[in-house]
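Chemist: Hey, dropping coords-v9.txt in here, compact mmCIF, C-alpha atoms:
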```
# COMPACT_ATOMS: atom_id res chain seq x y z
CA MET A 1 0.00 0.00 0.00
CA PRO A 2 1.52 3.31 -1.06
CA LEU A 3 2.30 5.96 1.47
CA SER A 4 0.45 9.22 1.13
CA ALA A 5 0.82 12.78 2.29
CA THR A 6 -1.62 15.57 2.84
CA CYS A 7 -0.77 19.19 2.18
CA GLY A 8 -0.61 21.38 5.21
CA GLU A 9 -2.80 24.20 6.41
CA GLY A 10 -3.41 26.76 3.70
CA ALA A 11 -2.59 24.33 0.94
CA VAL A 12 -5.01 22.82 -1.50
CA GLY A 13 -5.75 19.90 0.81
CA ALA A 14 -5.31 17.20 -1.82
CA ARG A 15 -3.93 13.80 -0.97
CA PHE A 16 -0.98 12.72 -3.09
CA PRO A 17 0.30 9.22 -3.60
CA LEU A 18 3.87 8.89 -2.44
CA PHE A 19 6.14 6.19 -3.73
CA GLY A 20 9.72 5.40 -2.99
CA TRP A 21 11.05 7.19 -6.06
CA TYR A 22 9.99 10.63 -4.92
CA ASP A 23 13.12 12.55 -4.10
CA THR A 24 11.35 15.49 -2.57
CA LEU A 25 7.87 16.74 -1.87
CA LYS A 26 7.43 20.35 -0.84
CA THR A 27 4.28 22.22 0.01
CA THR A 28 4.22 25.97 0.34
CA GLY A 29 0.86 27.68 0.63
CA ASN A 30 -1.13 26.60 -2.42
CA ARG A 31 1.91 25.25 -4.21
CA VAL A 32 3.10 21.64 -4.28
CA SER A 33 6.34 20.66 -5.97
CA TYR A 34 8.09 17.39 -6.65
CA THR A 35 11.46 16.28 -7.93
CA LEU A 36 11.17 12.99 -9.76
CA ASP A 37 13.30 10.49 -11.61
CA SER A 38 13.22 10.46 -15.41
CA THR A 39 10.97 7.42 -15.73
CA LEU A 40 7.58 6.46 -17.11
CA ASP A 41 6.37 5.95 -13.54
CA SER A 42 6.99 9.66 -12.97
CA VAL A 43 4.95 10.47 -16.07
CA ASN A 44 2.04 8.40 -14.78
CA THR A 45 2.22 10.01 -11.36
CA ALA A 46 2.36 13.51 -12.82
CA GLU A 47 -0.79 12.68 -14.77
CA GLU A 48 -2.58 11.24 -11.73
CA THR A 49 -1.58 14.16 -9.52
CA ALA A 50 -2.78 16.62 -12.16
CA ALA A 51 -6.19 14.94 -12.20
CA GLN A 52 -6.40 15.17 -8.40
CA MET A 53 -5.31 18.81 -8.36
CA ALA A 54 -7.74 19.73 -11.13
CA GLY A 55 -10.56 18.03 -9.25
CA LYS A 56 -9.68 19.90 -6.06
CA ALA A 57 -9.56 23.15 -8.02
CA GLY A 58 -13.16 22.55 -9.08
CA PHE A 59 -12.70 21.62 -12.72
CA ALA A 60 -15.38 19.40 -14.26
CA ASP A 61 -14.55 15.93 -15.57
CA GLU A 62 -13.83 16.99 -19.15
CA ASP A 63 -11.45 19.77 -18.14
CA ARG A 64 -9.85 17.51 -15.58
CA ASP A 65 -9.13 14.94 -18.30
CA ARG A 66 -7.73 17.63 -20.56
CA ILE A 67 -5.48 19.06 -17.85
CA SER A 68 -4.15 15.64 -16.87
CA MET A 69 -3.48 14.79 -20.50
CA ALA A 70 -1.62 18.07 -21.07
CA VAL A 71 0.48 17.34 -18.00
CA ARG A 72 1.16 13.83 -19.22
CA GLU A 73 2.32 15.18 -22.59
CA ALA A 74 4.59 17.74 -20.93
CA ALA A 75 6.02 15.09 -18.60
CA VAL A 76 6.62 12.72 -21.52
CA ASN A 77 8.37 15.54 -23.31
CA ALA A 78 10.60 16.16 -20.30
CA VAL A 79 11.43 12.51 -19.59
CA LEU A 80 11.74 11.24 -23.16
CA HIS A 81 12.98 14.19 -25.22
CA GLY A 82 14.48 16.38 -22.51
CA ASN A 83 16.18 14.07 -20.04
CA THR A 84 16.23 11.06 -22.43
CA TYR A 85 15.60 8.72 -19.47
CA ASP A 86 18.99 9.76 -18.01
CA PRO A 87 18.96 8.60 -14.36
CA THR A 88 21.20 11.50 -13.35
CA LYS A 89 18.71 14.05 -14.65
CA LYS A 90 15.57 14.97 -12.73
CA LEU A 91 12.08 16.10 -13.55
CA ARG A 92 10.68 18.96 -11.46
CA ILE A 93 6.94 19.50 -11.33
CA SER A 94 4.92 22.05 -9.39
CA PHE A 95 1.19 22.57 -9.09
CA GLU A 96 -0.22 25.86 -7.85
CA ASN A 97 -3.84 26.81 -7.38
CA THR A 98 -3.86 30.61 -7.47
CA GLY A 99 -7.62 30.77 -6.99
CA GLU A 100 -7.97 32.10 -10.52
CA ALA A 101 -6.05 29.35 -12.28
CA LEU A 102 -4.26 26.07 -11.94
CA VAL A 103 -0.63 26.70 -12.86
CA ILE A 104 1.57 23.69 -13.54
CA LYS A 105 5.29 23.92 -14.24
CA ILE A 106 7.29 20.99 -15.58
CA ALA A 107 11.03 21.30 -15.99
CA ASP A 108 13.71 18.98 -17.33
CA GLU A 109 17.49 19.16 -17.41
CA GLY A 110 17.92 18.31 -21.08
CA ALA A 111 19.55 20.06 -23.99
CA GLY A 112 16.67 22.52 -24.38
CA LEU A 113 13.54 22.44 -26.48
CA LYS A 114 13.30 24.59 -29.60
CA VAL A 115 9.55 25.02 -29.89
CA GLU A 116 9.88 26.98 -33.12
CA ASP A 117 11.48 23.94 -34.77
CA ILE A 118 8.51 21.67 -34.11
CA PRO A 119 6.43 21.28 -37.27
CA ASP A 120 2.66 21.81 -37.34
CA PRO A 121 1.17 18.33 -36.79
CA LEU A 122 -2.02 19.37 -38.59
CA ALA A 123 -0.25 20.25 -41.83
CA PRO A 124 -1.18 17.69 -44.50
CA GLU A 125 2.44 16.62 -44.94
CA ASN A 126 2.74 15.90 -41.20
CA LEU A 127 -0.58 14.17 -40.52
CA LEU A 128 0.88 10.68 -40.86
CA LYS A 129 4.01 11.34 -38.84
CA GLN A 130 4.35 9.15 -35.79
CA SER A 131 5.34 11.91 -33.37
CA GLY A 132 5.08 15.68 -32.90
CA ARG A 133 1.58 16.04 -31.42
CA GLY A 134 2.40 16.53 -27.73
CA ILE A 135 2.84 20.30 -27.66
CA PHE A 136 -0.14 20.75 -29.96
CA LEU A 137 -2.30 18.79 -27.47
CA MET A 138 -0.98 20.86 -24.56
CA ARG A 139 -1.94 24.06 -26.39
CA THR A 140 -5.33 22.66 -27.32
CA PHE A 141 -6.23 21.52 -23.82
CA MET A 142 -4.85 24.42 -21.75
CA ASP A 143 -5.62 28.16 -21.78
CA ASP A 144 -1.96 29.12 -21.96
CA VAL A 145 1.30 27.25 -22.52
CA GLN A 146 4.63 28.95 -22.00
CA PHE A 147 8.18 27.74 -22.61
CA ARG A 148 11.29 28.96 -20.81
CA ARG A 149 14.87 27.98 -21.47
CA LEU A 150 16.78 26.89 -18.40
CA GLN A 151 20.50 26.29 -17.97
CA PRO A 152 20.21 23.42 -18.65
CA GLY A 153 16.77 22.32 -19.74
CA THR A 154 13.31 23.58 -20.51
CA GLU A 155 10.42 24.62 -18.29
CA ILE A 156 6.90 24.28 -19.61
CA THR A 157 4.16 26.24 -17.82
CA LEU A 158 0.58 25.04 -18.30
CA ILE A 159 -2.24 27.34 -17.20
CA LYS A 160 -5.94 26.59 -16.95
CA HIS A 161 -8.23 29.30 -15.66
CA VAL A 162 -10.87 28.43 -13.11
CA ARG A 163 -14.21 29.51 -14.48
CA ASN A 164 -16.71 30.81 -11.99
CA ASP A 165 -20.47 30.49 -12.26
CA ALA A 166 -20.79 33.84 -14.05
CA ASP A 167 -18.28 32.71 -16.67
CA ARG A 168 -20.18 29.48 -17.23
CA ILE A 169 -23.50 31.33 -17.67
CA GLU A 170 -21.85 33.71 -20.14
CA GLU A 171 -20.30 30.80 -22.08
CA ALA A 172 -23.66 29.03 -22.23
CA LYS A 173 -25.31 32.01 -23.94
CA MET B 1 -3.15 -2.81 -22.37
CA LYS B 2 -4.46 -6.23 -23.45
CA THR B 3 -5.12 -7.53 -26.93
CA SER B 4 -6.77 -10.58 -28.41
CA THR B 5 -7.24 -11.44 -32.06
CA ARG B 6 -9.93 -13.32 -33.88
CA GLN B 7 -10.68 -14.07 -37.52
CA LEU B 8 -13.98 -13.08 -39.07
CA ASP B 9 -14.66 -13.58 -42.77
CA GLY B 10 -11.02 -13.06 -43.76
CA VAL B 11 -10.54 -10.05 -41.50
CA THR B 12 -8.36 -10.09 -38.39
CA VAL B 13 -10.19 -8.33 -35.59
CA VAL B 14 -7.93 -7.11 -32.79
CA ASP B 15 -9.80 -6.39 -29.58
CA LEU B 16 -7.83 -3.92 -27.48
CA SER B 17 -8.55 -2.88 -23.92
CA GLY B 18 -6.89 -0.47 -21.51
CA ARG B 19 -4.57 2.41 -22.26
CA ILE B 20 -2.46 2.98 -25.36
CA THR B 21 0.27 5.21 -23.99
CA LEU B 22 4.03 5.63 -24.13
CA GLY B 23 5.59 2.43 -22.85
CA GLU B 24 3.74 -0.82 -22.57
CA GLY B 25 0.54 0.03 -24.42
CA SER B 26 2.25 1.43 -27.48
CA VAL B 27 4.72 -1.45 -27.60
CA VAL B 28 1.95 -4.08 -27.38
CA LEU B 29 0.06 -2.45 -30.25
CA ARG B 30 3.22 -2.16 -32.35
CA GLU B 31 4.19 -5.80 -31.81
CA THR B 32 0.66 -7.07 -32.40
CA VAL B 33 0.38 -5.31 -35.76
CA ARG B 34 3.94 -6.26 -36.71
CA ASP B 35 3.18 -9.94 -36.01
CA LEU B 36 0.01 -9.79 -38.10
CA ILE B 37 1.83 -8.19 -41.01
CA GLY B 38 4.56 -10.83 -40.66
CA LYS B 39 1.91 -13.54 -40.97
CA GLY B 40 0.62 -11.95 -44.15
CA GLU B 41 -2.58 -10.58 -42.61
CA LYS B 42 -3.62 -7.59 -44.67
CA LYS B 43 -7.14 -6.88 -43.43
CA ILE B 44 -6.96 -5.63 -39.87
CA LEU B 45 -9.76 -4.15 -37.78
CA LEU B 46 -8.70 -2.57 -34.48
CA ASN B 47 -11.59 -2.68 -32.02
CA LEU B 48 -10.96 0.27 -29.68
CA GLY B 49 -14.29 -0.06 -27.82
CA ASP B 50 -12.56 -0.87 -24.53
CA VAL B 51 -9.63 1.49 -24.95
CA THR B 52 -10.04 4.01 -22.16
CA TYR B 53 -7.19 6.38 -22.95
CA ILE B 54 -4.74 7.23 -25.71
CA ASP B 55 -1.91 9.75 -25.46
CA SER B 56 0.11 11.29 -28.29
CA SER B 57 2.42 8.26 -28.34
CA GLY B 58 -0.61 6.01 -28.74
CA ILE B 59 -1.93 8.17 -31.55
CA GLY B 60 1.47 7.90 -33.21
CA GLU B 61 1.35 4.14 -32.85
CA LEU B 62 -2.09 3.99 -34.50
CA VAL B 63 -0.77 6.12 -37.38
CA SER B 64 2.30 3.91 -37.68
CA ALA B 65 0.15 0.77 -37.74
CA PHE B 66 -2.08 2.33 -40.41
CA THR B 67 0.84 3.26 -42.69
CA SER B 68 2.64 -0.07 -42.12
CA VAL B 69 -0.40 -2.10 -43.20
CA ARG B 70 -1.11 0.24 -46.10
CA ASN B 71 2.51 -0.02 -47.30
CA GLN B 72 2.03 -3.79 -47.47
CA GLY B 73 -1.01 -3.30 -49.69
CA GLY B 74 -3.44 -3.95 -46.86
CA GLU B 75 -6.16 -2.10 -44.99
CA LEU B 76 -6.36 -1.16 -41.32
CA LYS B 77 -9.60 0.23 -39.95
CA LEU B 78 -10.79 1.35 -36.53
CA LEU B 79 -13.93 0.13 -34.77
CA LYS B 80 -15.99 1.56 -31.90
CA LEU B 81 -14.20 4.66 -30.70
CA THR B 82 -15.00 5.94 -27.24
CA LYS B 83 -15.88 9.63 -27.03
CA LYS B 84 -12.43 10.49 -25.69
CA VAL B 85 -10.63 8.71 -28.51
CA HIS B 86 -13.07 10.06 -31.08
CA ASP B 87 -12.48 13.63 -29.88
CA LEU B 88 -8.73 13.12 -29.91
CA LEU B 89 -8.76 11.92 -33.50
CA GLN B 90 -10.97 14.87 -34.46
CA ILE B 91 -8.63 17.36 -32.79
CA THR B 92 -5.58 15.90 -34.51
CA LYS B 93 -7.39 15.77 -37.87
CA LEU B 94 -6.87 12.03 -38.07
CA TYR B 95 -10.54 11.09 -37.94
CA THR B 96 -10.85 11.42 -41.70
CA VAL B 97 -7.51 9.69 -42.31
CA PHE B 98 -8.67 6.49 -40.62
CA ASP B 99 -11.67 4.54 -41.81
CA VAL B 100 -13.70 4.49 -38.60
CA LYS B 101 -16.67 2.15 -38.13
CA ASP B 102 -19.24 1.71 -35.39
CA ASP B 103 -20.73 -1.62 -36.44
CA GLU B 104 -18.52 -4.70 -36.57
CA LEU B 105 -20.36 -6.55 -39.32
CA ALA B 106 -20.52 -3.45 -41.49
CA ALA B 107 -16.82 -2.93 -40.85
CA ILE B 108 -16.02 -6.51 -41.91
CA ARG B 109 -18.04 -6.12 -45.09
CA SER B 110 -16.29 -2.85 -45.93
CA PHE B 111 -12.91 -4.52 -46.50
CA LYS B 112 -11.97 -5.19 -50.11
CA LYS B 113 -12.66 -8.76 -51.22
```
Rewrite the structure from the file as structure tokens, please.
Modeler:
Amino acid sequence: MPLSATCGEGAVGARFPLFGWYDTLKTTGNRVSYTLDSTLDSVNTAEETAAQMAGKAGFADEDRDRISMAVREAAVNAVLHGNTYDPTKKLRISFENTGEALVIKIADEGAGLKVEDIPDPLAPENLLKQSGRGIFLMRTFMDDVQFRRLQPGTEITLIKHVRNDADRIEEAK
Amino acid sequence: MKTSTRQLDGVTVVDLSGRITLGEGSVVLRETVRDLIGKGEKKILLNLGDVTYIDSSGIGELVSAFTSVRNQGGELKLLKLTKKVHDLLQITKLYTVFDVKDDELAAIRSFKK
């Protein structure tokens, strides 16, 4: 049975699964951050944690699925393309509920992602390519996606705004 | 992910269940289709009715399976998409690339004789 931890007072109050491969877990206010190994297990956990955080932030099922998928794609990008499964390189993930949005940052220690070099996966000549859809899916499913070069690595910030009741009524019109 | 295959009127139906994601799911799909091509099977129907989740790696594996079978002169079609998978193929503009069917018998009949 996996261990678990609960965020402290003032945090989002979500329960997170904790497995042996977590190097660190930090909670500060409404922010939770992890440092993880560059493995597929870390990808799966990032996805599961995103779903939990999105649920706690009040997102409906469809948005929760979209957020967790965007996080999965970003984590895959970091583990596979960034850190190339290198056991000496880590994956850093943070989740922050600002009250207005869920802000997720995923950073690797790889050579650095050149977003401008990634071809449009919807272009007819790229439709049958096996890869290249991850960042497109992140942009489709989130309200904002930002990229920042690190030394070394890349940080991807995924933002999904929390819609209040007034927003939902306006959208329904 | 789990797969099982059955033959129906000259068509190999592959029933898939679970997640097609980077790692095990994608590898299982790749090896299943590769084995079928190796055996000379050229009419393949992937039943995705019990596939609960596909990520971009899984989508890539479906595309790869489609082109591999087509390059061998065969046909690969998809059967029974869940809403999630349907939406994903719509978003990625692949829905019209694949021949997608809802009814198994109609799908079987749609393969070239």
Chemist: Residues of chain A no more than 7 Å from chain B, counting only C-alpha atoms: send them over as a list in words.
Modeler: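 Within 7 Å of chain B on chain A, we get Leu122, Leu128, Gln130, Ser131, Arg133 and Gly134 of chain A.
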Chemist: Distance CA of Val100 (chain B)-CA of Gly74 (chain B), one decimal place?
Modeler: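 Atom-to-atom, CA of Val100 (chain B) and CA of Gly74 (chain B) are spaced 15.6 Å apart.
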Chemist: Please return as a ChimeraX atom specification every residue within 6 Å of (-11.5, -3.3, -39.7), taking into account only C-alpha atoms and the file's own coordinates.
Modeler: /B:44-46,76-78,107-108
Chemist: When distances are computed from only C-alpha atoms, which of A:Gly112, A:Leu91, A:Asp120, A:Val71 shows the smallest separation from Val145 (chain A)?
Modeler: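 That would be A:Val71, the residue with the smallest distance to Val145 (chain A).
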Chemist: By how many Å are CA of Gly18 (chain B) and CA of Glu31 (chain B) apart?
Modeler: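 Result for CA of Gly18 (chain B) versus CA of Glu31 (chain B): 16.0 Å, one decimal.
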Chemist: Tell me which of B:Ser68, B:Thr82, B:Asn47, B:Gln90 sits closest to Glu104 (chain B), counting all atoms listed in the file.
Modeler: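 Once distances to Glu104 (chain B) are computed over all atoms listed in the file, the minimum belongs to B:Asn47.
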Chemist: Taking all atoms listed in the file into account, which of B:Val13, B:Val27, B:Ile37, B:Leu105 comes nearest Asn71 (chain B)?
Modeler: B:Ile37
Chemist: What is the distance, in Å and to one decimal place, between CA of Gly25 (chain B) and CA of Thr52 (chain B)?
Modeler: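 Between these atoms lies a distance of 11.5 Å.
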Chemist: So that I can check the surroundings of Lys90 (chain A), please list as a PDB file with C-alpha atoms, in the frame of the given file every protein, DNA and RNA residue that reaches within 7 Å of it, counting all atoms listed in the file and ignoring chain neighbours fewer than 2 positions away.
Modeler:
```pdb
ATOM      1  CA  THR A  35      11.460  16.280  -7.930  1.00  0.00           C
ATOM      2  CA  LEU A  36      11.170  12.990  -9.760  1.00  0.00           C
ATOM      3  CA  ASP A  37      13.300  10.490 -11.610  1.00  0.00           C
ATOM      4  CA  SER A  38      13.220  10.460 -15.410  1.00  0.00           C
ATOM      5  CA  THR A  88      21.200  11.500 -13.350  1.00  0.00           C
ATOM      6  CA  ARG A  92      10.680  18.960 -11.460  1.00  0.00           C
ATOM      7  CA  ASP A 108      13.710  18.980 -17.330  1.00  0.00           C
ATOM      8  CA  GLU A 109      17.490  19.160 -17.410  1.00  0.00           C
TER       9      GLU A 109
END
```
Chemist: Looking at all atoms listed in the file, which of B:Lys43, B:Arg19, B:Lys83, B:Arg70 is the one that sits closest to Arg109 (chain B)?
Modeler: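 Looking at the shortest contact to Arg109 (chain B), the residue is B:Lys43.
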Chemist: Which is closer to Ser17 (chain B) than all the others in B:Lys101, B:Arg34, B:Lys39, B:Lys80, using all atoms listed in the file?
Modeler: B:Lys80
Chemist: When distances are computed from all atoms listed in the file, which of B:Thr32, B:Ser110, B:Asp87, B:Leu48 shows the smallest separation from Val11 (chain B)?
Modeler: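 Using all atoms listed in the file, Val11 (chain B) sits closest to B:Ser110.
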Chemist: With a distance cut-off of 12 Å and only C-alpha atoms, select the neighbouring residues of Phe147 (chain A), excluding the residue or stretch itself and same-chain residues fewer than 4 positions from it, and output the selection as a list in words.
Modeler: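 In the requested form, the answer reads Ala74, Ile104, Lys105, Ile106, Ala107, Asp108, Gly112, Leu113, Lys114, Val115, Glu116, Ile135, Met138, Arg139, Gly153, Thr154, Glu155, Ile156, Thr157, Leu158 and Ile159 of chain A.
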Chemist: Skipping near chain neighbours, those fewer than 4 positions away, what residues fall within 9 Å of Thr45 (chain A) using all atoms listed in the file, listed as a ChimeraX atom specification?
Modeler: /A:17,40-41,49-50,72
Chemist: May I have the selected residues written with C-alpha atoms, as a PDB file, in the coordinates of the input?
Modeler:
```pdb
ATOM      1  CA  PRO A  17       0.300   9.220  -3.600  1.00  0.00           C
ATOM      2  CA  LEU A  40       7.580   6.460 -17.110  1.00  0.00           C
ATOM      3  CA  ASP A  41       6.370   5.950 -13.540  1.00  0.00           C
ATOM      4  CA  THR A  49      -1.580  14.160  -9.520  1.00  0.00           C
ATOM      5  CA  ALA A  50      -2.780  16.620 -12.160  1.00  0.00           C
ATOM      6  CA  ARG A  72       1.160  13.830 -19.220  1.00  0.00           C
TER       7      ARG A  72
END
```
Chemist: Writing C-alpha atoms and nothing else, produce region 84-149 of chain A as a short mmCIF file (atom, residue, chain, number, x, y, z; two decimals), in the first residue's frame.
Modeler:
```
data_model
loop_
_atom_site.label_atom_id
_atom_site.label_comp_id
_atom_site.auth_asym_id
_atom_site.auth_seq_id
_atom_site.Cartn_x
_atom_site.Cartn_y
_atom_site.Cartn_z
CA THR A 84 16.23 11.06 -22.43
CA TYR A 85 15.60 8.72 -19.47
CA ASP A 86 18.99 9.76 -18.01
CA PRO A 87 18.96 8.60 -14.36
CA THR A 88 21.20 11.50 -13.35
CA LYS A 89 18.71 14.05 -14.65
CA LYS A 90 15.57 14.97 -12.73
CA LEU A 91 12.08 16.10 -13.55
CA ARG A 92 10.68 18.96 -11.46
CA ILE A 93 6.94 19.50 -11.33
CA SER A 94 4.92 22.05 -9.39
CA PHE A 95 1.19 22.57 -9.09
CA GLU A 96 -0.22 25.86 -7.85
CA ASN A 97 -3.84 26.81 -7.38
CA THR A 98 -3.86 30.61 -7.47
CA GLY A 99 -7.62 30.77 -6.99
CA GLU A 100 -7.97 32.10 -10.52
CA ALA A 101 -6.05 29.35 -12.28
CA LEU A 102 -4.26 26.07 -11.94
CA VAL A 103 -0.63 26.70 -12.86
CA ILE A 104 1.57 23.69 -13.54
CA LYS A 105 5.29 23.92 -14.24
CA ILE A 106 7.29 20.99 -15.58
CA ALA A 107 11.03 21.30 -15.99
CA ASP A 108 13.71 18.98 -17.33
CA GLU A 109 17.49 19.16 -17.41
CA GLY A 110 17.92 18.31 -21.08
CA ALA A 111 19.55 20.06 -23.99
CA GLY A 112 16.67 22.52 -24.38
CA LEU A 113 13.54 22.44 -26.48
CA LYS A 114 13.30 24.59 -29.60
CA VAL A 115 9.55 25.02 -29.89
CA GLU A 116 9.88 26.98 -33.12
CA ASP A 117 11.48 23.94 -34.77
CA ILE A 118 8.51 21.67 -34.11
CA PRO A 119 6.43 21.28 -37.27
CA ASP A 120 2.66 21.81 -37.34
CA PRO A 121 1.17 18.33 -36.79
CA LEU A 122 -2.02 19.37 -38.59
CA ALA A 123 -0.25 20.25 -41.83
CA PRO A 124 -1.18 17.69 -44.50
CA GLU A 125 2.44 16.62 -44.94
CA ASN A 126 2.74 15.90 -41.20
CA LEU A 127 -0.58 14.17 -40.52
CA LEU A 128 0.88 10.68 -40.86
CA LYS A 129 4.01 11.34 -38.84
CA GLN A 130 4.35 9.15 -35.79
CA SER A 131 5.34 11.91 -33.37
CA GLY A 132 5.08 15.68 -32.90
CA ARG A 133 1.58 16.04 -31.42
CA GLY A 134 2.40 16.53 -27.73
CA ILE A 135 2.84 20.30 -27.66
CA PHE A 136 -0.14 20.75 -29.96
CA LEU A 137 -2.30 18.79 -27.47
CA MET A 138 -0.98 20.86 -24.56
CA ARG A 139 -1.94 24.06 -26.39
CA THR A 140 -5.33 22.66 -27.32
CA PHE A 141 -6.23 21.52 -23.82
CA MET A 142 -4.85 24.42 -21.75
CA ASP A 143 -5.62 28.16 -21.78
CA ASP A 144 -1.96 29.12 -21.96
CA VAL A 145 1.30 27.25 -22.52
CA GLN A 146 4.63 28.95 -22.00
CA PHE A 147 8.18 27.74 -22.61
CA ARG A 148 11.29 28.96 -20.81
CA ARG A 149 14.87 27.98 -21.47
#
```
